[in-house]
Structures are given as structure tokens and as C-alpha cells.
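Next up, input_1.pdb (PDB, C-alpha atoms):
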ATOM      1  CA  MET J   1      45.638   7.628 -11.597  1.00  0.00           C
ATOM      2  CA  ARG J   2      45.028   9.079 -15.000  1.00  0.00           C
ATOM      3  CA  ILE J   3      42.634   8.522 -17.870  1.00  0.00           C
ATOM      4  CA  ARG J   4      44.283   8.583 -21.278  1.00  0.00           C
ATOM      5  CA  ALA J   5      43.726   7.421 -24.831  1.00  0.00           C
ATOM      6  CA  GLY J   6      44.669   3.805 -25.411  1.00  0.00           C
ATOM      7  CA  GLU J   7      47.758   3.031 -27.487  1.00  0.00           C
ATOM      8  CA  ILE J   8      49.009   0.077 -29.522  1.00  0.00           C
ATOM      9  CA  GLY J   9      51.481  -0.687 -26.734  1.00  0.00           C
ATOM     10  CA  ASP J  10      48.504  -1.306 -24.399  1.00  0.00           C
ATOM     11  CA  ILE J  11      47.002  -4.139 -26.454  1.00  0.00           C
ATOM     12  CA  GLU J  12      48.465  -7.069 -24.490  1.00  0.00           C
ATOM     13  CA  ARG J  13      47.264  -5.665 -21.174  1.00  0.00           C
ATOM     14  CA  LEU J  14      43.896  -4.764 -22.691  1.00  0.00           C
ATOM     15  CA  ILE J  15      43.477  -8.365 -23.837  1.00  0.00           C
ATOM     16  CA  GLU J  16      44.051  -9.495 -20.240  1.00  0.00           C
ATOM     17  CA  LEU J  17      41.504  -6.955 -18.992  1.00  0.00           C
ATOM     18  CA  GLY J  18      39.096  -8.220 -21.664  1.00  0.00           C
ATOM     19  CA  ARG J  19      39.609 -11.751 -20.359  1.00  0.00           C
ATOM     20  CA  LEU J  20      38.847 -10.592 -16.799  1.00  0.00           C
ATOM     21  CA  PHE J  21      35.736  -8.838 -18.105  1.00  0.00           C
ATOM     22  CA  TYR J  22      34.484 -12.028 -19.774  1.00  0.00           C
ATOM     23  CA  GLU J  23      35.311 -14.237 -16.787  1.00  0.00           C
ATOM     24  CA  GLU J  24      33.629 -11.908 -14.300  1.00  0.00           C
ATOM     25  CA  ASP J  25      30.447 -11.264 -16.262  1.00  0.00           C
ATOM     26  CA  SER J  26      27.908 -14.075 -16.183  1.00  0.00           C
ATOM     27  CA  GLU J  27      26.328 -12.782 -19.412  1.00  0.00           C
ATOM     28  CA  PHE J  28      29.583 -13.376 -21.318  1.00  0.00           C
ATOM     29  CA  SER J  29      31.505 -16.024 -19.357  1.00  0.00           C
ATOM     30  CA  GLY J  30      29.755 -18.940 -21.056  1.00  0.00           C
ATOM     31  CA  MET J  31      30.529 -17.601 -24.532  1.00  0.00           C
ATOM     32  CA  GLY J  32      34.255 -18.310 -24.438  1.00  0.00           C
ATOM     33  CA  PHE J  33      36.874 -15.585 -24.655  1.00  0.00           C
ATOM     34  CA  ASP J  34      38.752 -15.176 -27.946  1.00  0.00           C
ATOM     35  CA  PRO J  35      42.000 -13.200 -27.475  1.00  0.00           C
ATOM     36  CA  LEU J  36      42.403 -12.673 -31.224  1.00  0.00           C
ATOM     37  CA  LYS J  37      38.969 -11.052 -31.529  1.00  0.00           C
ATOM     38  CA  ALA J  38      39.689  -8.972 -28.421  1.00  0.00           C
ATOM     39  CA  SER J  39      42.988  -7.857 -29.945  1.00  0.00           C
ATOM     40  CA  LEU J  40      41.275  -6.826 -33.182  1.00  0.00           C
ATOM     41  CA  THR J  41      38.607  -4.923 -31.243  1.00  0.00           C
ATOM     42  CA  PHE J  42      41.210  -2.997 -29.276  1.00  0.00           C
ATOM     43  CA  VAL J  43      43.465  -2.323 -32.290  1.00  0.00           C
ATOM     44  CA  LYS J  44      40.490  -0.915 -34.245  1.00  0.00           C
ATOM     45  CA  ALA J  45      39.570   1.288 -31.289  1.00  0.00           C
ATOM     46  CA  VAL J  46      43.117   2.686 -31.204  1.00  0.00           C
ATOM     47  CA  GLU J  47      43.611   3.126 -34.941  1.00  0.00           C
ATOM     48  CA  ARG J  48      40.254   4.110 -36.411  1.00  0.00           C
ATOM     49  CA  ARG J  49      39.011   7.672 -36.349  1.00  0.00           C
ATOM     50  CA  ASP J  50      35.403   6.546 -35.796  1.00  0.00           C
ATOM     51  CA  GLN J  51      36.294   4.603 -32.633  1.00  0.00           C
ATOM     52  CA  CYS J  52      37.984   5.434 -29.372  1.00  0.00           C
ATOM     53  CA  ILE J  53      39.480   3.719 -26.387  1.00  0.00           C
ATOM     54  CA  PHE J  54      40.285   5.300 -23.051  1.00  0.00           C
ATOM     55  CA  VAL J  55      42.163   3.514 -20.289  1.00  0.00           C
ATOM     56  CA  ILE J  56      42.797   3.852 -16.578  1.00  0.00           C
ATOM     57  CA  ASP J  57      46.575   4.070 -16.133  1.00  0.00           C
ATOM     58  CA  ASP J  58      48.041   3.946 -12.614  1.00  0.00           C
ATOM     59  CA  GLY J  59      51.601   4.246 -13.880  1.00  0.00           C
ATOM     60  CA  ALA J  60      52.353   0.550 -13.446  1.00  0.00           C
ATOM     61  CA  GLN J  61      49.377  -1.123 -15.090  1.00  0.00           C
ATOM     62  CA  LEU J  62      45.997  -0.535 -16.689  1.00  0.00           C
ATOM     63  CA  GLY J  63      42.921  -0.786 -14.515  1.00  0.00           C
ATOM     64  CA  GLY J  64      40.075  -0.513 -16.986  1.00  0.00           C
ATOM     65  CA  PHE J  65      38.919   0.621 -20.400  1.00  0.00           C
ATOM     66  CA  PHE J  66      36.127   2.298 -22.324  1.00  0.00           C
ATOM     67  CA  VAL J  67      35.579   1.546 -26.015  1.00  0.00           C
ATOM     68  CA  GLY J  68      33.222   3.749 -27.996  1.00  0.00           C
ATOM     69  CA  GLN J  69      32.329   4.513 -31.566  1.00  0.00           C
ATOM     70  CA  ILE J  70      30.667   7.124 -33.717  1.00  0.00           C
ATOM     71  CA  SER J  71      28.383   6.114 -36.564  1.00  0.00           C
ATOM     72  CA  GLY J  72      25.914   7.624 -38.944  1.00  0.00           C
ATOM     73  CA  SER J  73      22.430   7.932 -37.551  1.00  0.00           C
ATOM     74  CA  ASP J  74      20.078   5.240 -38.833  1.00  0.00           C
ATOM     75  CA  PHE J  75      17.342   7.780 -39.516  1.00  0.00           C
ATOM     76  CA  GLY J  76      18.840  11.231 -39.055  1.00  0.00           C
ATOM     77  CA  ALA J  77      21.327  13.173 -41.133  1.00  0.00           C
ATOM     78  CA  GLY J  78      23.964  13.316 -38.403  1.00  0.00           C
ATOM     79  CA  TYR J  79      25.901  11.023 -36.121  1.00  0.00           C
ATOM     80  CA  GLU J  80      25.359   8.998 -32.978  1.00  0.00           C
ATOM     81  CA  ALA J  81      28.042   8.053 -30.472  1.00  0.00           C
ATOM     82  CA  TRP J  82      27.753   4.652 -28.776  1.00  0.00           C
ATOM     83  CA  GLU J  83      29.475   3.048 -25.842  1.00  0.00           C
ATOM     84  CA  LYS J  84      30.618  -0.440 -26.774  1.00  0.00           C
ATOM     85  CA  TYR J  85      32.420  -1.614 -23.640  1.00  0.00           C
ATOM     86  CA  LEU J  86      33.138  -0.247 -20.188  1.00  0.00           C
ATOM     87  CA  TYR J  87      35.157  -2.303 -17.740  1.00  0.00           C
ATOM     88  CA  VAL J  88      36.850  -1.294 -14.509  1.00  0.00           C
ATOM     89  CA  ALA J  89      38.867  -3.997 -12.727  1.00  0.00           C
ATOM     90  CA  GLU J  90      37.647  -4.722  -9.221  1.00  0.00           C
ATOM     91  CA  ARG J  91      40.470  -3.026  -7.308  1.00  0.00           C
ATOM     92  CA  TYR J  92      39.855   0.220  -9.239  1.00  0.00           C
ATOM     93  CA  ARG J  93      36.109   0.433  -8.571  1.00  0.00           C
ATOM     94  CA  LYS J  94      34.389   2.881  -6.242  1.00  0.00           C
ATOM     95  CA  GLN J  95      36.972   5.585  -6.999  1.00  0.00           C
ATOM     96  CA  GLY J  96      35.088   7.567  -9.653  1.00  0.00           C
ATOM     97  CA  LEU J  97      37.237   6.149 -12.451  1.00  0.00           C
ATOM     98  CA  GLY J  98      34.258   4.785 -14.395  1.00  0.00           C
ATOM     99  CA  SER J  99      32.778   8.284 -14.431  1.00  0.00           C
ATOM    100  CA  ARG J 100      36.072   9.681 -15.671  1.00  0.00           C
ATOM    101  CA  LEU J 101      36.181   7.124 -18.493  1.00  0.00           C
ATOM    102  CA  VAL J 102      32.615   8.041 -19.461  1.00  0.00           C
ATOM    103  CA  GLY J 103      33.543  11.732 -19.354  1.00  0.00           C
ATOM    104  CA  ALA J 104      36.485  11.133 -21.701  1.00  0.00           C
ATOM    105  CA  PHE J 105      34.142   9.366 -24.130  1.00  0.00           C
ATOM    106  CA  VAL J 106      31.615  12.212 -23.982  1.00  0.00           C
ATOM    107  CA  GLY J 107      34.372  14.742 -24.678  1.00  0.00           C
ATOM    108  CA  TRP J 108      35.653  12.705 -27.640  1.00  0.00           C
ATOM    109  CA  SER J 109      32.113  12.277 -28.973  1.00  0.00           C
ATOM    110  CA  LYS J 110      31.288  15.971 -28.911  1.00  0.00           C
ATOM    111  CA  ALA J 111      33.934  16.649 -31.559  1.00  0.00           C
ATOM    112  CA  PHE J 112      31.638  14.838 -34.025  1.00  0.00           C
ATOM    113  CA  LYS J 113      28.603  16.908 -32.973  1.00  0.00           C
ATOM    114  CA  PRO J 114      26.415  13.804 -32.572  1.00  0.00           C
ATOM    115  CA  GLU J 115      22.638  13.931 -32.403  1.00  0.00           C
ATOM    116  CA  LYS J 116      22.854  11.513 -29.469  1.00  0.00           C
ATOM    117  CA  ILE J 117      25.479  10.017 -27.191  1.00  0.00           C
ATOM    118  CA  CYS J 118      24.224   6.619 -26.065  1.00  0.00           C
ATOM    119  CA  ALA J 119      25.136   3.722 -23.814  1.00  0.00           C
ATOM    120  CA  PHE J 120      23.572   0.478 -22.783  1.00  0.00           C
ATOM    121  CA  ILE J 121      24.639  -1.455 -19.724  1.00  0.00           C
ATOM    122  CA  ARG J 122      24.583  -5.069 -20.775  1.00  0.00           C
ATOM    123  CA  SER J 123      27.029  -6.392 -18.217  1.00  0.00           C
ATOM    124  CA  ASP J 124      26.028  -7.689 -14.815  1.00  0.00           C
ATOM    125  CA  ILE J 125      29.328  -6.543 -13.262  1.00  0.00           C
ATOM    126  CA  ASP J 126      28.527  -3.801 -10.758  1.00  0.00           C
ATOM    127  CA  ARG J 127      25.535  -2.708 -12.808  1.00  0.00           C
ATOM    128  CA  LYS J 128      24.526  -0.075 -10.254  1.00  0.00           C
ATOM    129  CA  GLY J 129      28.038   1.419 -10.270  1.00  0.00           C
ATOM    130  CA  ALA J 130      28.133   1.499 -14.061  1.00  0.00           C
ATOM    131  CA  LYS J 131      24.702   3.138 -14.214  1.00  0.00           C
ATOM    132  CA  ALA J 132      25.820   5.748 -11.685  1.00  0.00           C
ATOM    133  CA  SER J 133      28.951   6.459 -13.760  1.00  0.00           C
ATOM    134  CA  PHE J 134      26.810   7.283 -16.780  1.00  0.00           C
ATOM    135  CA  GLU J 135      24.282   9.291 -14.772  1.00  0.00           C
ATOM    136  CA  ARG J 136      27.041  11.427 -13.206  1.00  0.00           C
ATOM    137  CA  ALA J 137      28.200  12.235 -16.746  1.00  0.00           C
ATOM    138  CA  GLY J 138      24.711  13.470 -17.725  1.00  0.00           C
ATOM    139  CA  PHE J 139      23.075  10.326 -19.145  1.00  0.00           C
ATOM    140  CA  ARG J 140      19.523   9.383 -18.226  1.00  0.00           C
ATOM    141  CA  ASP J 141      17.962   5.954 -18.156  1.00  0.00           C
ATOM    142  CA  ILE J 142      15.365   5.632 -20.938  1.00  0.00           C
ATOM    143  CA  GLY J 143      14.716   1.915 -21.039  1.00  0.00           C
ATOM    144  CA  LEU J 144      15.917  -1.631 -21.142  1.00  0.00           C
ATOM    145  CA  ILE J 145      17.971  -3.928 -23.260  1.00  0.00           C
ATOM    146  CA  MET J 146      16.407  -7.304 -23.811  1.00  0.00           C
ATOM    147  CA  VAL J 147      18.372 -10.462 -24.618  1.00  0.00           C
ATOM    148  CA  TYR J 148      16.739 -13.479 -26.276  1.00  0.00           C
ATOM    149  CA  GLU J 149      17.461 -16.675 -24.359  1.00  0.00           C
ATOM    150  CA  GLY J 150      14.974 -18.996 -26.021  1.00  0.00           C
ATOM    151  CA  GLY J 151      15.898 -22.133 -27.904  1.00  0.00           C
TER     152      GLY J 151
END
Can the structure from this file be put into C-alpha cells for me?
Amino acid sequence: MRIRAGEIGDIERLIELGRLFYEEDSEFSGMGFDPLKASLTFVKAVERRDQCIFVIDDGAQLGGFFVGQISGSDFGAGYEAWEKYLYVAERYRKQGLGSRLVGAFVGWSKAFKPEKICAFIRSDIDRKGAKASFERAGFRDIGLIMVYEGG
């Protein structure tokens, strides 16, 4: 099992993983999955210098992905790196692969010398496992993300 940078040839499989992500996560499942938007998200992550995508590749199929981006700091002179999406398909969980994806993102981010490397866990899929993946890579929990659900 290896972690590698995503490629254009991965897009179809990434779209299917994105669909699984949306179906499995109760926070997103009611929103409706749009394969075109997913495709654009993944293509940008492959092609743009300010974004990255890492995948779990078992030689026969992909088992997960990490999408991240670098952006100018809102208040500082430098950059911040942000996790956008982390998903590991169920059969690939509990093998340390999430931590390896996070580690690949941290390594990519450091090339930009960011002021901060940040993540927020907004999915309810194996939240404890995802949190542990980030903590093993050196992240610390500093707060919450709040989602408005009012009418």
C-alpha cells in the first residue's frame, strides 16, 4: 500500500470515492452529490500548484484521498496550509493510512514555509480515527467547528 500524489488518470476513481464519502457522512449525504463539481475539485488539486491531492494506492484501486491547499494568510505576511478533505474507504481504515496521508500533506506544505498547517474535522465518519491521524502527525486540537442549522 503506498501513498502517492494524485494524477489526472485517477479522477474517475476519485469521483467514486467522493460519492462514497458523501453517502457515508450524515453531514453531507442530504446535500446531494455532484460528480461534475467533484471532478473539478480533484482536477484542480492535481493541476494547481497551490493545491495538492494524495491518494492511497493498493496497486489495483484507490482507497482514499487527502486534498489540501496553501493560501495567503488572512492577517499575516506568509502562508497557511489547510486540509480540505480527508477520506479513507472503510476497508482501508485502522491501518495507519490516514496518518500517512496527513504526513504527505504536511511534507508538501512545508515547502511553502507556512505560518500554520491547519485542519478541521467536519465529517462524522470515524471522527476519532481522523482526529488520531492528525494528532499522530503533530497536530493539536484547539477548538471546534460550528455549523449553523437554523432556519
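By only C-alpha atoms, and with residues fewer than 5 positions from Asp50 in chain J along its chain excluded, the set lying at most 8 Å from it is Gln69, Ile70 and Ser71 of chain J.
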Selected residues, C-alpha atoms, written as a PDB file, in the coordinates of the input, please.
ATOM      1  CA  GLN J  69      32.329   4.513 -31.566  1.00  0.00           C
ATOM      2  CA  ILE J  70      30.667   7.124 -33.717  1.00  0.00           C
ATOM      3  CA  SER J  71      28.383   6.114 -36.564  1.00  0.00           C
TER       4      SER J  71
END
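Omitting Asp10 in chain J and its sequence neighbours fewer than 5 positions away, and counting all atoms listed in the file, the residues within 9 Å are Ile15, Phe42, Val55 and Leu62 of chain J.
If you look at CA of Gly107 in chain J and CA of Ala45 in chain J, they are 15.9 Å away from each other.
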Given the choices J:Gly72, J:Phe105, J:Asp58, J:Gly78, which gets closest to Tyr92 in chain J if the distance is worked out from only C-alpha atoms? J:Asp58
On this structure, the PyMOL selection byres ((chain J and resi 82-89) around 9) would catch which residues? List them as number ranges by chain, sorted by chain and number. J: 17-18, 20-21, 56, 62-71, 80-81, 90-93, 97-98, 101-102, 105, 109, 116-121, 123, 125, 130
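For the atom pair formed by CA of Gly9 in chain J and CA of Ala111 in chain J, the distance is 25.1 Å, given to one decimal.
Polymer residues near (40.0, -15.3, -22.7): counting all atoms listed in the file with a cut-off of 10 Å, they are Ile15, Glu16, Leu17, Gly18, Arg19, Leu20, Phe21, Tyr22, Glu23, Ser29, Met31, Gly32, Phe33, Asp34, Pro35, Leu36, Lys37 and Ala38 of chain J.
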Have range 87-122 of chain J completed to N, CA and C atoms, please, and pass it along as a compact mmCIF listing (two decimals), in the frame of the given file.
# COMPACT_ATOMS: atom_id res chain seq x y z
N TYR J 87 34.74 -1.35 -18.77
CA TYR J 87 35.16 -2.30 -17.74
C TYR J 87 36.17 -1.64 -16.82
N VAL J 88 35.92 -1.76 -15.53
CA VAL J 88 36.85 -1.29 -14.51
C VAL J 88 37.17 -2.50 -13.63
N ALA J 89 38.45 -2.86 -13.54
CA ALA J 89 38.87 -4.00 -12.73
C ALA J 89 38.49 -3.74 -11.27
N GLU J 90 38.22 -4.81 -10.57
CA GLU J 90 37.65 -4.72 -9.22
C GLU J 90 38.41 -3.78 -8.29
N ARG J 91 39.72 -3.85 -8.27
CA ARG J 91 40.47 -3.03 -7.31
C ARG J 91 40.43 -1.54 -7.64
N TYR J 92 39.93 -1.17 -8.82
CA TYR J 92 39.85 0.22 -9.24
C TYR J 92 38.44 0.79 -9.11
N ARG J 93 37.50 -0.01 -8.67
CA ARG J 93 36.11 0.43 -8.57
C ARG J 93 35.90 1.31 -7.34
N LYS J 94 34.80 2.02 -7.35
CA LYS J 94 34.39 2.88 -6.24
C LYS J 94 35.37 4.03 -6.01
N GLN J 95 36.03 4.47 -7.09
CA GLN J 95 36.97 5.58 -7.00
C GLN J 95 36.62 6.69 -7.99
N GLY J 96 35.49 6.57 -8.68
CA GLY J 96 35.09 7.57 -9.65
C GLY J 96 35.77 7.41 -11.01
N LEU J 97 36.50 6.33 -11.20
CA LEU J 97 37.24 6.15 -12.45
C LEU J 97 36.32 5.80 -13.62
N GLY J 98 35.24 5.07 -13.35
CA GLY J 98 34.26 4.78 -14.40
C GLY J 98 33.65 6.08 -14.92
N SER J 99 33.33 6.99 -14.02
CA SER J 99 32.78 8.28 -14.43
C SER J 99 33.78 9.07 -15.26
N ARG J 100 35.04 8.97 -14.91
CA ARG J 100 36.07 9.68 -15.67
C ARG J 100 36.24 9.08 -17.07
N LEU J 101 36.14 7.76 -17.17
CA LEU J 101 36.18 7.12 -18.49
C LEU J 101 35.00 7.58 -19.34
N VAL J 102 33.82 7.59 -18.74
CA VAL J 102 32.62 8.04 -19.46
C VAL J 102 32.78 9.49 -19.89
N GLY J 103 33.31 10.33 -19.01
CA GLY J 103 33.54 11.73 -19.35
C GLY J 103 34.50 11.90 -20.53
N ALA J 104 35.55 11.07 -20.57
CA ALA J 104 36.48 11.13 -21.70
C ALA J 104 35.77 10.78 -23.00
N PHE J 105 34.91 9.76 -22.95
CA PHE J 105 34.14 9.37 -24.13
C PHE J 105 33.21 10.49 -24.58
N VAL J 106 32.53 11.12 -23.64
CA VAL J 106 31.62 12.21 -23.98
C VAL J 106 32.40 13.35 -24.64
N GLY J 107 33.55 13.69 -24.09
CA GLY J 107 34.37 14.74 -24.68
C GLY J 107 34.81 14.40 -26.09
N TRP J 108 35.26 13.15 -26.30
CA TRP J 108 35.65 12.70 -27.64
C TRP J 108 34.46 12.77 -28.60
N SER J 109 33.32 12.32 -28.13
CA SER J 109 32.11 12.28 -28.97
C SER J 109 31.68 13.65 -29.45
N LYS J 110 31.78 14.63 -28.58
CA LYS J 110 31.29 15.97 -28.91
C LYS J 110 32.00 16.58 -30.12
N ALA J 111 33.22 16.14 -30.39
CA ALA J 111 33.93 16.65 -31.56
C ALA J 111 33.21 16.31 -32.86
N PHE J 112 32.39 15.26 -32.84
CA PHE J 112 31.64 14.84 -34.02
C PHE J 112 30.26 15.50 -34.09
N LYS J 113 29.91 16.26 -33.06
CA LYS J 113 28.60 16.91 -32.97
C LYS J 113 27.46 15.90 -33.18
N PRO J 114 27.44 14.84 -32.38
CA PRO J 114 26.42 13.80 -32.57
C PRO J 114 25.02 14.28 -32.16
N GLU J 115 24.03 13.68 -32.81
CA GLU J 115 22.64 13.93 -32.40
C GLU J 115 22.38 13.34 -31.02
N LYS J 116 23.02 12.20 -30.75
CA LYS J 116 22.85 11.51 -29.47
C LYS J 116 24.18 10.88 -29.06
N ILE J 117 24.38 10.80 -27.76
CA ILE J 117 25.48 10.02 -27.19
C ILE J 117 24.80 8.97 -26.32
N CYS J 118 25.02 7.70 -26.65
CA CYS J 118 24.22 6.62 -26.06
C CYS J 118 25.09 5.55 -25.41
N ALA J 119 24.48 4.85 -24.47
CA ALA J 119 25.14 3.72 -23.81
C ALA J 119 24.07 2.72 -23.41
N PHE J 120 24.45 1.48 -23.37
CA PHE J 120 23.57 0.48 -22.78
C PHE J 120 24.41 -0.42 -21.90
N ILE J 121 23.90 -0.66 -20.71
CA ILE J 121 24.64 -1.46 -19.72
C ILE J 121 24.17 -2.89 -19.87
N ARG J 122 24.99 -3.69 -20.53
CA ARG J 122 24.58 -5.07 -20.78
C ARG J 122 25.36 -6.05 -19.92
